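**Q** Quick one: this structure, given as structure tokens, is what I'll be asking you about.
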2 protein chains.
Amino acid sequence: MAAETSNFDLNALPDSEPCPFCVIASAYPYFDPNSPPNPSDDDVDPDKVSPASFIVLSTPTLLAFLDIMPLSPGHLLLCPRRHAQKLSDVSASEAAELGQYLRILSKALVKTTGVQDWNVVQNNGAAAAQVVNHVHYHLIPRPEIRASGRFSESFTMFGRGVRSELDDEEGVILAESLREGVRLVLEEEASKAKL
Amino acid sequence: MAAETSNFDLNALPDSEPCPFCVIASAYPYFDPNSPPNPSDDDVDPDKVSPASFIVLSTPTLLAFLDIMPLSPGHLLLCPRRHAQKLSDVSASEAAELGQYLRILSKALVKTTGVQDWNVVQNNGAAAAQVVNHVHYHLIPRPEIRASGRFSESFTMFGRGVRSELDDEEGVILAESLREGVRLVLEEEASKAKL
């Protein structure tokens, strides 16, 4: 990404590279979270895009998929399909649906990973550590790492956490389990609503 | 909080101390965010509770107030009035309203502080650095601090950031400005909806 000539316009870069989350949004059609596709289904084929994407949720408005550099197993991202840079740029209805699915995905994460604690983080702008300029929430399971002595007591949320690349086979299995987790959560909600 | 006798039951502590956010919720009545009270109004008197609270938003469902140990000026918290520990414990409608007001408060924060970048953070459980066991989102303005050299490039989100106690006079002024910021944002939304 370094400028190769002195008259290279750095400001032109952001527009010349397609937004990676818009690429994902355009490649994956939406599906009913109450009956998610099987891993063999083309609709969730990780290799429709590069790098591979592991889709957890795909509604007409929102997408959730695994972070490809997870801080912990299950680390996922939730974003609107429509491009918007910051949380202040989403519509009122997108904001509400994001809020609703943060709750659903939180329940699904706990159910699927068995990890009881997690962070929800959403960064707006470079000074706030936003890397991809398409608004997104992180959901990050937090296994009890302090007891293991692997990290100091107050660990860094970003930048210093141990992030390693997601293994493709692991991604397929994890995404399928999380889609099933979402389905189960929605089923439980529906049966509670009937009582 | 150290046990003073050997038969002191540490597990009894959480229940014996009232939840500080429930205390705030019960002390402050709700008001219309389109016509917020003046600072002299009893409805937003910081000294109705101890420590003093600086209310930014108070709806039938939600409350927003300044963090009393801010990471930056304007650092505020958004929570449901009803007690729930984690994001998985809120209702579907609370989750949606939280999502909607994260967007409104984000806009109000930028408008009021002039700081263009900010983090939204929500911690669930001790391993995820949750301190007060009443579900809440942080909104944290991020002034361009890296340029100043005050922090290293990748700074700690929690625990190591510089947090200093909120000054009471500053709190009154900031909360009033933010209530006015919310009012302006809602006014703009309403006028756009009419177009």
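Lettering and numbering for the structure tokens are positional, with chains as A, B, ... in the shown order, residues counted from 1 in each chain, and ligands counted from 1 in the shown order.
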Give me, as CSV, each residue of chain B that comes within 6 Å of chain A, together with its shortest interatomic pair and the distance in Å at one decimal, counting only C-alpha atoms, with rows ordered by chain and rising residue number.

**A**
residue,atom,partner,partner_atom,distance
B:Leu87,CA,A:Arg103,CA,5.8
B:Ser88,CA,A:Arg103,CA,5.4
B:Ala95,CA,A:Gln100,CA,5.0
B:Ala96,CA,A:Ala96,CA,4.5
B:Gly99,CA,A:Gly99,CA,3.8
B:Gln100,CA,A:Ala96,CA,4.8
B:Arg103,CA,A:Ser88,CA,5.4
B:Ser106,CA,A:Ser88,CA,5.9
B:Lys107,CA,A:Ser88,CA,5.5
B:Asp117,CA,A:Gly125,CA,4.8
B:Trp118,CA,A:Asn124,CA,5.2
B:Asn119,CA,A:Asn123,CA,4.6
B:Val120,CA,A:Gln122,CA,4.9
B:Val121,CA,A:Val121,CA,4.5
B:Gln122,CA,A:Val120,CA,4.9
B:Asn123,CA,A:Asn119,CA,4.6
B:Asn124,CA,A:Trp118,CA,5.2
B:Gly125,CA,A:Asp117,CA,4.8
B:Ala127,CA,A:Glu144,CA,5.6
B:Ala128,CA,A:Trp118,CA,5.4
B:Arg142,CA,A:Ala128,CA,5.7
B:Glu144,CA,A:Ala127,CA,5.6
B:Ser154,CA,A:Gly159,CA,5.6
B:Thr156,CA,A:Thr156,CA,4.8
B:Met157,CA,A:Met157,CA,5.6
B:Gly159,CA,A:Ser154,CA,5.5

**Q** Would you give me, as a list in words, the residues in chain A that DSSP reads as strand (DSSP E)?

**A**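 Selection result, strand (DSSP E) within chain A: Ile55, Val56, Leu57, Ser58, Leu62, Leu63, Ala64, Phe65, Leu66, Leu76, Leu77, Leu78, Cys79, Pro80, Trp118, Asn119, Val120, Val121, Gln122, Asn123, Asn124, Tyr137, His138, Leu139, Ile140 and Pro141 of chain A.
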
**Q** Out of stretch 1-191 of chain B, which residues get helix (DSSP H, G or I) from DSSP, as a PyMOL selection string?

**A** chain B and resi 10-16+20-27+42-44+46-48+87-89+92-113+126-128+168-191

**Q** To one decimal place, how far is atom CA of A:Leu63 from atom CA of A:Lys48 in Å?

**A**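 One can read the atom CA of A:Leu63 to atom CA of A:Lys48 distance as 15.0 Å.
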
**Q** Given the choices A:Asn38, A:Gln85, A:Ser164, A:Ser177, which gets closest to A:Cys19 if the distance is worked out from only C-alpha atoms?

**A**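 Among the listed residues, the smallest separation from A:Cys19 belongs to A:Gln85.
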
**Q** Would you list the contacts of A:Thr59 as a list in words, taking every protein, DNA or RNA residue within 10 Å and counting only C-alpha atoms, but skipping same-chain residues closer than 5 positions in sequence?

**A**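 What passes the distance filter is Tyr28, Pro29, Tyr30, Phe31, Asp32, Pro33, Ala64, Pro80 and Arg81 of chain A.
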
**Q** Could you list, as a PyMOL selection string, every residue within 6 Å of A:Phe65, counting only C-alpha atoms and ignoring same-chain residues fewer than 3 positions away?

**A** chain A and resi 54-56+76-77
